[in-house]
file my_file-v8.cif (mmCIF, N, CA and C atoms)
data_final
loop_
_atom_site.label_atom_id
_atom_site.label_comp_id
_atom_site.auth_asym_id
_atom_site.auth_seq_id
_atom_site.Cartn_x
_atom_site.Cartn_y
_atom_site.Cartn_z
N MET Z 5 29.86 -1.20 7.26
CA MET Z 5 28.51 -1.69 7.50
C MET Z 5 28.57 -3.22 7.52
N SER Z 6 27.93 -3.80 8.52
CA SER Z 6 27.91 -5.26 8.63
C SER Z 6 26.97 -5.86 7.60
N ALA Z 7 27.05 -7.16 7.41
CA ALA Z 7 26.17 -7.85 6.47
C ALA Z 7 24.71 -7.72 6.91
N LYS Z 8 24.47 -7.78 8.23
CA LYS Z 8 23.10 -7.66 8.74
C LYS Z 8 22.56 -6.26 8.46
N GLU Z 9 23.37 -5.24 8.70
CA GLU Z 9 22.95 -3.87 8.42
C GLU Z 9 22.68 -3.66 6.94
N ALA Z 10 23.51 -4.25 6.11
CA ALA Z 10 23.32 -4.15 4.66
C ALA Z 10 22.03 -4.82 4.23
N ASP Z 11 21.71 -5.97 4.86
CA ASP Z 11 20.46 -6.67 4.54
C ASP Z 11 19.25 -5.84 4.95
N ILE Z 12 19.35 -5.19 6.10
CA ILE Z 12 18.24 -4.34 6.56
C ILE Z 12 18.05 -3.16 5.62
N GLU Z 13 19.13 -2.53 5.22
CA GLU Z 13 19.03 -1.39 4.29
C GLU Z 13 18.48 -1.84 2.95
N SER Z 14 18.89 -3.00 2.48
CA SER Z 14 18.38 -3.54 1.23
C SER Z 14 16.88 -3.82 1.32
N ALA Z 15 16.45 -4.37 2.45
CA ALA Z 15 15.03 -4.65 2.66
C ALA Z 15 14.22 -3.35 2.71
N LYS Z 16 14.75 -2.34 3.39
CA LYS Z 16 14.04 -1.05 3.45
C LYS Z 16 13.91 -0.44 2.06
N ALA Z 17 14.96 -0.55 1.25
CA ALA Z 17 14.91 -0.02 -0.12
C ALA Z 17 13.88 -0.79 -0.95
N ALA Z 18 13.81 -2.11 -0.77
CA ALA Z 18 12.83 -2.92 -1.50
C ALA Z 18 11.41 -2.55 -1.10
N ILE Z 19 11.20 -2.26 0.17
CA ILE Z 19 9.87 -1.88 0.64
C ILE Z 19 9.49 -0.51 0.09
N GLN Z 20 10.42 0.42 0.06
CA GLN Z 20 10.15 1.73 -0.53
C GLN Z 20 9.81 1.58 -2.02
N ALA Z 21 10.53 0.71 -2.70
CA ALA Z 21 10.25 0.46 -4.12
C ALA Z 21 8.87 -0.15 -4.31
N LEU Z 22 8.45 -1.03 -3.39
CA LEU Z 22 7.12 -1.62 -3.44
C LEU Z 22 6.06 -0.54 -3.26
N ASN Z 23 6.26 0.35 -2.30
CA ASN Z 23 5.32 1.46 -2.10
C ASN Z 23 5.26 2.34 -3.35
N ASN Z 24 6.41 2.62 -3.95
CA ASN Z 24 6.43 3.43 -5.19
C ASN Z 24 5.68 2.74 -6.32
N GLN Z 25 5.83 1.41 -6.41
CA GLN Z 25 5.13 0.67 -7.46
C GLN Z 25 3.63 0.70 -7.22
N TRP Z 26 3.20 0.63 -5.96
CA TRP Z 26 1.77 0.72 -5.65
C TRP Z 26 1.24 2.06 -6.15
N GLU Z 27 1.96 3.15 -5.87
CA GLU Z 27 1.55 4.48 -6.33
C GLU Z 27 1.40 4.51 -7.86
N LYS Z 28 2.39 3.96 -8.56
CA LYS Z 28 2.37 3.96 -10.03
C LYS Z 28 1.20 3.14 -10.56
N ASN Z 29 0.99 1.95 -9.98
CA ASN Z 29 -0.12 1.11 -10.42
C ASN Z 29 -1.47 1.77 -10.15
N PHE Z 30 -1.58 2.44 -9.01
CA PHE Z 30 -2.82 3.15 -8.69
C PHE Z 30 -3.07 4.23 -9.73
N GLU Z 31 -2.06 5.02 -10.02
CA GLU Z 31 -2.22 6.12 -10.97
C GLU Z 31 -2.54 5.62 -12.37
N ALA Z 32 -2.02 4.44 -12.72
CA ALA Z 32 -2.28 3.85 -14.04
C ALA Z 32 -3.59 3.06 -14.09
N HIS Z 33 -4.31 3.01 -12.97
CA HIS Z 33 -5.56 2.25 -12.85
C HIS Z 33 -5.32 0.77 -13.16
N ASP Z 34 -4.18 0.27 -12.74
CA ASP Z 34 -3.77 -1.11 -13.01
C ASP Z 34 -4.17 -1.99 -11.83
N LEU Z 35 -5.40 -2.45 -11.87
CA LEU Z 35 -5.94 -3.25 -10.78
C LEU Z 35 -5.15 -4.55 -10.59
N ALA Z 36 -4.86 -5.25 -11.69
CA ALA Z 36 -4.10 -6.51 -11.59
C ALA Z 36 -2.71 -6.25 -11.04
N GLY Z 37 -2.09 -5.15 -11.45
CA GLY Z 37 -0.77 -4.81 -10.94
C GLY Z 37 -0.78 -4.51 -9.46
N LEU Z 38 -1.82 -3.83 -8.98
CA LEU Z 38 -1.94 -3.55 -7.55
C LEU Z 38 -2.05 -4.84 -6.76
N VAL Z 39 -2.93 -5.71 -7.18
CA VAL Z 39 -3.20 -6.95 -6.45
C VAL Z 39 -1.96 -7.85 -6.45
N ALA Z 40 -1.17 -7.82 -7.52
CA ALA Z 40 0.03 -8.65 -7.60
C ALA Z 40 1.10 -8.25 -6.58
N LEU Z 41 0.97 -7.07 -5.99
CA LEU Z 41 1.94 -6.61 -5.00
C LEU Z 41 1.69 -7.21 -3.62
N PHE Z 42 0.63 -8.00 -3.48
CA PHE Z 42 0.23 -8.58 -2.20
C PHE Z 42 0.45 -10.09 -2.18
N THR Z 43 0.64 -10.63 -0.98
CA THR Z 43 0.74 -12.07 -0.82
C THR Z 43 -0.62 -12.70 -1.16
N GLU Z 44 -0.59 -13.98 -1.48
CA GLU Z 44 -1.83 -14.69 -1.80
C GLU Z 44 -2.83 -14.65 -0.64
N ASP Z 45 -2.33 -14.69 0.58
CA ASP Z 45 -3.20 -14.73 1.77
C ASP Z 45 -3.25 -13.37 2.48
N CYS Z 46 -3.14 -12.30 1.71
CA CYS Z 46 -3.13 -10.96 2.28
C CYS Z 46 -4.42 -10.65 3.04
N VAL Z 47 -4.30 -9.74 4.00
CA VAL Z 47 -5.45 -9.28 4.76
C VAL Z 47 -5.46 -7.76 4.70
N ARG Z 48 -6.61 -7.21 4.35
CA ARG Z 48 -6.80 -5.76 4.27
C ARG Z 48 -7.90 -5.38 5.26
N MET Z 49 -7.61 -4.41 6.12
CA MET Z 49 -8.56 -4.00 7.15
C MET Z 49 -8.83 -2.51 7.01
N PRO Z 50 -9.80 -2.14 6.18
CA PRO Z 50 -10.06 -0.73 5.92
C PRO Z 50 -10.92 -0.08 7.01
N GLN Z 51 -10.85 1.23 7.03
CA GLN Z 51 -11.72 2.00 7.92
C GLN Z 51 -13.17 1.83 7.47
N GLY Z 52 -14.03 1.56 8.38
CA GLY Z 52 -15.46 1.54 8.09
C GLY Z 52 -15.93 0.41 7.20
N GLY Z 53 -15.15 -0.65 7.09
CA GLY Z 53 -15.57 -1.76 6.23
C GLY Z 53 -15.02 -3.07 6.74
N PRO Z 54 -15.53 -4.16 6.17
CA PRO Z 54 -15.06 -5.48 6.62
C PRO Z 54 -13.66 -5.79 6.11
N ALA Z 55 -12.97 -6.65 6.81
CA ALA Z 55 -11.66 -7.12 6.37
C ALA Z 55 -11.84 -7.99 5.13
N THR Z 56 -10.84 -7.97 4.28
CA THR Z 56 -10.81 -8.87 3.13
C THR Z 56 -9.61 -9.79 3.30
N VAL Z 57 -9.77 -11.04 2.91
CA VAL Z 57 -8.69 -12.02 3.02
C VAL Z 57 -8.48 -12.63 1.65
N GLY Z 58 -7.25 -12.56 1.17
CA GLY Z 58 -6.89 -13.14 -0.12
C GLY Z 58 -6.95 -12.14 -1.26
N ARG Z 59 -6.23 -12.47 -2.32
CA ARG Z 59 -6.13 -11.56 -3.45
C ARG Z 59 -7.44 -11.32 -4.18
N SER Z 60 -8.28 -12.35 -4.32
CA SER Z 60 -9.54 -12.13 -5.05
C SER Z 60 -10.45 -11.17 -4.30
N ALA Z 61 -10.49 -11.29 -2.97
CA ALA Z 61 -11.30 -10.36 -2.17
C ALA Z 61 -10.70 -8.96 -2.22
N LEU Z 62 -9.38 -8.87 -2.23
CA LEU Z 62 -8.71 -7.57 -2.34
C LEU Z 62 -9.05 -6.92 -3.67
N GLU Z 63 -9.00 -7.71 -4.73
CA GLU Z 63 -9.31 -7.17 -6.07
C GLU Z 63 -10.73 -6.62 -6.12
N ALA Z 64 -11.68 -7.36 -5.57
CA ALA Z 64 -13.06 -6.90 -5.56
C ALA Z 64 -13.21 -5.61 -4.75
N ALA Z 65 -12.53 -5.53 -3.61
CA ALA Z 65 -12.61 -4.33 -2.77
C ALA Z 65 -11.98 -3.14 -3.48
N TYR Z 66 -10.82 -3.34 -4.09
CA TYR Z 66 -10.18 -2.25 -4.82
C TYR Z 66 -11.05 -1.79 -6.00
N ARG Z 67 -11.64 -2.73 -6.72
CA ARG Z 67 -12.48 -2.36 -7.87
C ARG Z 67 -13.61 -1.43 -7.41
N GLN Z 68 -14.21 -1.76 -6.29
CA GLN Z 68 -15.31 -0.95 -5.76
C GLN Z 68 -14.79 0.37 -5.18
N ASP Z 69 -13.75 0.30 -4.36
CA ASP Z 69 -13.25 1.48 -3.66
C ASP Z 69 -12.65 2.53 -4.59
N PHE Z 70 -12.02 2.10 -5.67
CA PHE Z 70 -11.30 3.03 -6.52
C PHE Z 70 -12.09 3.51 -7.73
N ALA Z 71 -13.27 2.99 -7.96
CA ALA Z 71 -14.06 3.36 -9.14
C ALA Z 71 -14.27 4.86 -9.24
N GLU Z 72 -14.67 5.48 -8.16
CA GLU Z 72 -14.96 6.92 -8.19
C GLU Z 72 -13.70 7.77 -8.28
N VAL Z 73 -12.70 7.47 -7.45
CA VAL Z 73 -11.50 8.31 -7.45
C VAL Z 73 -10.72 8.19 -8.75
N TRP Z 74 -10.80 7.02 -9.39
CA TRP Z 74 -10.11 6.87 -10.67
C TRP Z 74 -10.77 7.73 -11.75
N LYS Z 75 -12.06 7.99 -11.63
CA LYS Z 75 -12.73 8.89 -12.58
C LYS Z 75 -12.16 10.30 -12.47
N ASP Z 76 -11.69 10.68 -11.29
CA ASP Z 76 -11.14 12.00 -11.04
C ASP Z 76 -9.62 12.04 -11.22
N GLN Z 77 -9.06 10.98 -11.83
CA GLN Z 77 -7.61 10.90 -12.07
C GLN Z 77 -6.81 11.09 -10.78
N ALA Z 78 -7.26 10.45 -9.72
CA ALA Z 78 -6.62 10.58 -8.41
C ALA Z 78 -5.23 9.96 -8.41
N LYS Z 79 -4.41 10.50 -7.52
CA LYS Z 79 -3.08 9.97 -7.25
C LYS Z 79 -2.97 9.78 -5.75
N VAL Z 80 -2.17 8.80 -5.35
CA VAL Z 80 -1.91 8.57 -3.93
C VAL Z 80 -0.41 8.61 -3.71
N ARG Z 81 -0.02 9.25 -2.63
CA ARG Z 81 1.39 9.27 -2.23
C ARG Z 81 1.49 8.61 -0.86
N LEU Z 82 2.37 7.60 -0.77
CA LEU Z 82 2.61 6.89 0.48
C LEU Z 82 3.94 7.35 1.04
N ASN Z 83 3.93 7.81 2.26
CA ASN Z 83 5.15 8.27 2.91
C ASN Z 83 5.42 7.38 4.12
N ALA Z 84 6.41 6.50 3.99
CA ALA Z 84 6.79 5.63 5.10
C ALA Z 84 7.57 6.45 6.11
N GLU Z 85 7.08 6.52 7.33
CA GLU Z 85 7.73 7.30 8.38
C GLU Z 85 8.63 6.44 9.24
N GLU Z 86 8.37 5.15 9.27
CA GLU Z 86 9.19 4.23 10.06
C GLU Z 86 9.05 2.83 9.47
N VAL Z 87 10.19 2.15 9.30
CA VAL Z 87 10.20 0.78 8.79
C VAL Z 87 11.08 -0.05 9.70
N ILE Z 88 10.57 -1.18 10.16
CA ILE Z 88 11.32 -2.09 11.01
C ILE Z 88 11.35 -3.45 10.31
N ILE Z 89 12.54 -4.01 10.20
CA ILE Z 89 12.72 -5.30 9.56
C ILE Z 89 12.96 -6.34 10.64
N SER Z 90 12.26 -7.46 10.55
CA SER Z 90 12.45 -8.55 11.50
C SER Z 90 12.30 -9.88 10.77
N GLY Z 91 13.42 -10.42 10.31
CA GLY Z 91 13.38 -11.69 9.60
C GLY Z 91 12.63 -11.58 8.30
N GLU Z 92 11.65 -12.45 8.11
CA GLU Z 92 10.88 -12.43 6.86
C GLU Z 92 9.74 -11.43 6.87
N TYR Z 93 9.61 -10.66 7.94
CA TYR Z 93 8.56 -9.65 8.04
C TYR Z 93 9.15 -8.26 8.19
N ALA Z 94 8.40 -7.28 7.72
CA ALA Z 94 8.74 -5.88 7.92
C ALA Z 94 7.47 -5.17 8.37
N PHE Z 95 7.64 -4.19 9.22
CA PHE Z 95 6.53 -3.43 9.76
C PHE Z 95 6.78 -1.97 9.42
N ALA Z 96 5.79 -1.32 8.86
CA ALA Z 96 5.97 0.08 8.50
C ALA Z 96 4.70 0.85 8.84
N ARG Z 97 4.91 2.11 9.22
CA ARG Z 97 3.79 3.00 9.43
C ARG Z 97 4.09 4.28 8.68
N GLY Z 98 3.03 4.95 8.30
CA GLY Z 98 3.25 6.19 7.57
C GLY Z 98 1.97 6.96 7.33
N ALA Z 99 2.10 7.90 6.42
CA ALA Z 99 0.98 8.76 6.05
C ALA Z 99 0.73 8.64 4.56
N ASP Z 100 -0.48 8.92 4.16
CA ASP Z 100 -0.81 8.91 2.74
C ASP Z 100 -1.58 10.17 2.40
N THR Z 101 -1.49 10.53 1.14
CA THR Z 101 -2.24 11.67 0.63
C THR Z 101 -2.91 11.25 -0.66
N LEU Z 102 -4.22 11.43 -0.72
CA LEU Z 102 -5.00 11.21 -1.93
C LEU Z 102 -5.20 12.57 -2.57
N VAL Z 103 -4.75 12.72 -3.81
CA VAL Z 103 -4.84 13.98 -4.53
C VAL Z 103 -5.74 13.76 -5.73
N GLN Z 104 -6.74 14.63 -5.89
CA GLN Z 104 -7.64 14.51 -7.04
C GLN Z 104 -8.24 15.87 -7.39
N ASP Z 105 -8.66 15.98 -8.61
CA ASP Z 105 -9.39 17.15 -9.06
C ASP Z 105 -10.85 16.75 -9.17
N ARG Z 106 -11.65 17.31 -8.29
CA ARG Z 106 -13.06 16.97 -8.23
C ARG Z 106 -13.86 18.20 -8.66
N ASP Z 107 -14.54 18.07 -9.79
CA ASP Z 107 -15.34 19.18 -10.34
C ASP Z 107 -14.51 20.45 -10.48
N GLY Z 108 -13.27 20.29 -10.97
CA GLY Z 108 -12.40 21.43 -11.20
C GLY Z 108 -11.71 21.97 -9.97
N THR Z 109 -11.92 21.32 -8.83
CA THR Z 109 -11.31 21.76 -7.58
C THR Z 109 -10.24 20.75 -7.15
N HIS Z 110 -9.06 21.25 -6.82
CA HIS Z 110 -7.97 20.40 -6.33
C HIS Z 110 -8.28 20.02 -4.89
N VAL Z 111 -8.34 18.70 -4.62
CA VAL Z 111 -8.69 18.20 -3.29
C VAL Z 111 -7.60 17.25 -2.81
N GLU Z 112 -7.16 17.43 -1.57
CA GLU Z 112 -6.21 16.51 -0.96
C GLU Z 112 -6.80 15.99 0.34
N GLU Z 113 -6.74 14.68 0.51
CA GLU Z 113 -7.18 14.04 1.75
C GLU Z 113 -6.00 13.28 2.32
N THR Z 114 -5.80 13.39 3.62
CA THR Z 114 -4.68 12.71 4.25
C THR Z 114 -5.16 11.60 5.16
N GLY Z 115 -4.28 10.64 5.37
CA GLY Z 115 -4.59 9.53 6.24
C GLY Z 115 -3.32 8.92 6.79
N LYS Z 116 -3.49 7.80 7.46
CA LYS Z 116 -2.35 7.09 8.02
C LYS Z 116 -2.55 5.60 7.79
N TRP Z 117 -1.44 4.88 7.82
CA TRP Z 117 -1.50 3.46 7.54
C TRP Z 117 -0.48 2.68 8.35
N LEU Z 118 -0.73 1.38 8.45
CA LEU Z 118 0.19 0.42 9.04
C LEU Z 118 0.20 -0.78 8.11
N PHE Z 119 1.37 -1.11 7.57
CA PHE Z 119 1.51 -2.24 6.66
C PHE Z 119 2.47 -3.25 7.26
N ILE Z 120 2.15 -4.50 7.08
CA ILE Z 120 3.08 -5.58 7.40
C ILE Z 120 3.39 -6.25 6.07
N TYR Z 121 4.67 -6.38 5.80
CA TYR Z 121 5.15 -6.96 4.55
C TYR Z 121 5.76 -8.32 4.87
N ARG Z 122 5.79 -9.20 3.87
CA ARG Z 122 6.43 -10.50 4.05
C ARG Z 122 7.41 -10.74 2.91
N ARG Z 123 8.59 -11.20 3.27
CA ARG Z 123 9.59 -11.57 2.26
C ARG Z 123 9.30 -13.00 1.83
N LEU Z 124 9.12 -13.18 0.54
CA LEU Z 124 8.82 -14.50 0.00
C LEU Z 124 10.11 -15.30 -0.16
N PRO Z 125 9.99 -16.61 -0.34
CA PRO Z 125 11.19 -17.44 -0.48
C PRO Z 125 12.14 -16.99 -1.60
N ASP Z 126 11.60 -16.35 -2.64
CA ASP Z 126 12.47 -15.88 -3.73
C ASP Z 126 13.15 -14.55 -3.40
N GLY Z 127 12.90 -14.02 -2.18
CA GLY Z 127 13.56 -12.80 -1.74
C GLY Z 127 12.77 -11.52 -2.00
N THR Z 128 11.67 -11.60 -2.75
CA THR Z 128 10.88 -10.39 -3.01
C THR Z 128 9.98 -10.09 -1.81
N TRP Z 129 9.67 -8.83 -1.66
CA TRP Z 129 8.78 -8.38 -0.60
C TRP Z 129 7.40 -8.11 -1.18
N LYS Z 130 6.36 -8.46 -0.42
CA LYS Z 130 4.96 -8.20 -0.79
C LYS Z 130 4.23 -7.64 0.43
N TYR Z 131 3.16 -6.92 0.15
CA TYR Z 131 2.26 -6.52 1.24
C TYR Z 131 1.59 -7.77 1.77
N HIS Z 132 1.46 -7.88 3.08
CA HIS Z 132 0.82 -9.05 3.68
C HIS Z 132 -0.45 -8.63 4.43
N TRP Z 133 -0.34 -7.70 5.35
CA TRP Z 133 -1.49 -7.15 6.06
C TRP Z 133 -1.46 -5.65 5.90
N SER Z 134 -2.63 -5.05 5.80
CA SER Z 134 -2.68 -3.59 5.71
C SER Z 134 -3.92 -3.06 6.42
N THR Z 135 -3.72 -1.93 7.05
CA THR Z 135 -4.84 -1.22 7.65
C THR Z 135 -4.57 0.27 7.50
N PHE Z 136 -5.62 1.02 7.39
CA PHE Z 136 -5.47 2.45 7.11
C PHE Z 136 -6.74 3.17 7.50
N ASN Z 137 -6.62 4.47 7.72
CA ASN Z 137 -7.80 5.29 7.97
C ASN Z 137 -7.49 6.73 7.63
N SER Z 138 -8.55 7.48 7.49
CA SER Z 138 -8.46 8.86 7.06
C SER Z 138 -8.31 9.80 8.24
N ASN Z 139 -7.64 10.90 8.02
CA ASN Z 139 -7.57 11.96 9.02
C ASN Z 139 -8.77 12.90 8.91
N GLU Z 140 -9.54 12.77 7.87
CA GLU Z 140 -10.67 13.69 7.59
C GLU Z 140 -11.88 13.29 8.39
#

call {"tool": "encode", "arguments": {"input": "my_file-v8.cif", "output": "structure tokens"}}
result
Amino acid sequence: MSAKEADIESAKAAIQALNNQWEKNFEAHDLAGLVALFTEDCVRMPQGGPATVGRSALEAAYRQDFAEVWKDQAKVRLNAEEVIISGEYAFARGADTLVQDRDGTHVEETGKWLFIYRRLPDGTWKYHWSTFNSNE
């Protein structure tokens, strides 16, 4: 394996680890931990709502969006179906599943997402832009 191929594989592993950490922080209701996974100038473009720019706007949106599902002990699973690395940016698309018990009933909702990640000068990867929508 060439050095370039090794760097790409390392970046893909770091991005998968970032997605796994997002899942863990979501399940732990760790709002600060979730927001810390994003760049300072992150952009979030949700279905049916306005874009948010920056971590403070992201935190406010997450606080509002997750209030109800966190009451139901929801979990989210992110499945990256394709990851492309290009310099300091990575592009990934995938599917997500929101799992929760609502009034004693097991409910799963599926969706899809597109994330753009940015490698920071210290070598760590963060979410930079994100957009997502539901299949429901």

call {"tool": "closest_atom_pairs", "arguments": {"input": "my_file-v8.cif", "of": "range 6-67 of chain Z", "to": "range 117-124 of chain Z", "cutoff": "12 Å", "atoms": "only C-alpha atoms", "output": "CSV"}}
result
residue,atom,partner,partner_atom,distance
Z:Ser14,CA,Z:Arg123,CA,12.0
Z:Ala15,CA,Z:Arg123,CA,8.8
Z:Lys16,CA,Z:Tyr121,CA,10.7
Z:Ala18,CA,Z:Arg123,CA,10.0
Z:Ile19,CA,Z:Tyr121,CA,8.0
Z:Gln20,CA,Z:Tyr121,CA,11.2
Z:Leu22,CA,Z:Tyr121,CA,9.8
Z:Asn23,CA,Z:Phe119,CA,10.2
Z:Leu41,CA,Z:Tyr121,CA,10.1
Z:Phe42,CA,Z:Tyr121,CA,8.5
Z:Thr43,CA,Z:Arg122,CA,7.7
Z:Glu44,CA,Z:Leu124,CA,10.8
Z:Asp45,CA,Z:Arg122,CA,10.8
Z:Cys46,CA,Z:Tyr121,CA,9.5
Z:Val47,CA,Z:Ile120,CA,9.7
Z:Arg48,CA,Z:Phe119,CA,9.3
Z:Met49,CA,Z:Leu118,CA,10.0
Z:Pro50,CA,Z:Trp117,CA,9.7
Z:Gln51,CA,Z:Trp117,CA,10.3

call {"tool": "residues_around", "arguments": {"input": "my_file-v8.cif", "residues": "range 72-81 of chain Z", "least_positions_apart": "4", "cutoff": "8 Å", "atoms": "all atoms listed in the file", "output": "list of chain:residue names"}}
result
Z:Asn23, Z:Trp26, Z:Glu27, Z:Lys28, Z:Phe30, Z:Glu31, Z:Ala32, Z:His33, Z:Arg67, Z:Gln68, Z:Ala99, Z:Asp100, Z:Thr101, Z:Leu102, Z:Val103, Z:Gln104, Z:Asp105, Z:Arg106, Z:Asp107

call {"tool": "atom_distance", "arguments": {"input": "my_file-v8.cif", "atom1": "atom N of Ile89 in chain Z", "atom2": "atom N of Ser134 in chain Z"}}
result
15.8 Å

call {"tool": "select_by_dssp", "arguments": {"input": "my_file-v8.cif", "residues": "range 55-90 of chain Z", "states": "strand (DSSP E)", "output": "JSON, numbers by chain"}}
result
{"Z": [56, 57, 79, 80, 81, 82, 83, 84, 85, 86, 87, 88, 89, 90]}

call {"tool": "select_by_dssp", "arguments": {"input": "my_file-v8.cif", "residues": "range 71-129 of chain Z", "states": "alpha helix (DSSP H)", "output": "VMD selection string"}}
result
chain Z and resid 71 to 75

call {"tool": "closest_residue", "arguments": {"input": "my_file-v8.cif", "among": "Z:Asn83, Z:Ala96, Z:Ser138, Z:Trp129", "to": "Gly115 in chain Z", "atoms": "only N, CA and C atoms"}}
result
Z:Ser138

call {"tool": "atom_distance", "arguments": {"input": "my_file-v8.cif", "atom1": "atom N of Ser60 in chain Z", "atom2": "atom N of Lys130 in chain Z"}}
result
15.6 Å

call {"tool": "closest_residue", "arguments": {"input": "my_file-v8.cif", "among": "Z:Val39, Z:Arg97, Z:Ala17, Z:Thr114", "to": "Ala84 in chain Z", "atoms": "all atoms listed in the file"}}
result
Z:Arg97

call {"tool": "decode", "arguments": {"input": "my_file-v8.cif", "residues": "range 49-103 of chain Z", "atoms": "C-alpha atoms", "output": "short mmCIF file (atom, residue, chain, number, x, y, z; two decimals), in the first residue's frame"}}
result
data_model
loop_
_atom_site.label_atom_id
_atom_site.label_comp_id
_atom_site.auth_asym_id
_atom_site.auth_seq_id
_atom_site.Cartn_x
_atom_site.Cartn_y
_atom_site.Cartn_z
CA MET Z 49 -28.98 22.31 6.54
CA PRO Z 50 -31.89 20.29 7.94
CA GLN Z 51 -35.03 19.16 6.19
CA GLY Z 52 -37.85 21.63 6.66
CA GLY Z 53 -35.85 24.21 8.57
CA PRO Z 54 -33.40 27.05 8.18
CA ALA Z 55 -29.66 26.51 7.88
CA THR Z 56 -27.57 27.14 10.97
CA VAL Z 57 -24.06 28.56 10.79
CA GLY Z 58 -21.55 28.15 13.60
CA ARG Z 59 -21.40 26.07 16.73
CA SER Z 60 -23.66 28.24 18.89
CA ALA Z 61 -26.46 28.06 16.30
CA LEU Z 62 -25.89 24.31 15.99
CA GLU Z 63 -26.13 23.90 19.76
CA ALA Z 64 -29.42 25.80 19.87
CA ALA Z 65 -30.84 23.73 17.00
CA TYR Z 66 -29.76 20.45 18.59
CA ARG Z 67 -31.19 21.48 21.97
CA GLN Z 68 -34.57 22.10 20.34
CA ASP Z 69 -34.52 19.18 17.88
CA PHE Z 70 -33.42 16.51 20.35
CA ALA Z 71 -35.53 17.48 23.38
CA GLU Z 72 -38.39 15.13 22.52
CA VAL Z 73 -36.44 12.15 21.19
CA TRP Z 74 -34.08 12.23 24.17
CA LYS Z 75 -37.12 11.80 26.45
CA ASP Z 76 -37.76 8.51 24.61
CA GLN Z 77 -34.13 7.36 25.06
CA ALA Z 78 -33.60 7.48 21.30
CA LYS Z 79 -30.51 6.16 19.57
CA VAL Z 80 -29.19 7.04 16.13
CA ARG Z 81 -27.10 4.82 13.89
CA LEU Z 82 -25.11 6.42 11.07
CA ASN Z 83 -24.12 4.13 8.22
CA ALA Z 84 -21.58 5.65 5.83
CA GLU Z 85 -22.16 4.11 2.42
CA GLU Z 86 -19.45 6.03 0.57
CA VAL Z 87 -16.53 8.19 1.73
CA ILE Z 88 -14.28 10.18 -0.60
CA ILE Z 89 -11.15 11.92 0.66
CA SER Z 90 -9.80 14.96 -1.15
CA GLY Z 91 -7.03 16.84 0.62
CA GLU Z 92 -8.31 18.53 3.76
CA TYR Z 93 -11.92 17.64 2.93
CA ALA Z 94 -13.88 14.41 2.95
CA PHE Z 95 -17.29 13.80 1.46
CA ALA Z 96 -19.56 11.06 2.72
CA ARG Z 97 -23.10 9.95 2.11
CA GLY Z 98 -25.09 7.41 3.98
CA ALA Z 99 -28.20 6.36 5.81
CA ASP Z 100 -29.33 6.87 9.36
CA THR Z 101 -31.77 5.15 11.63
CA LEU Z 102 -33.45 6.78 14.62
CA VAL Z 103 -34.55 4.11 17.11
#
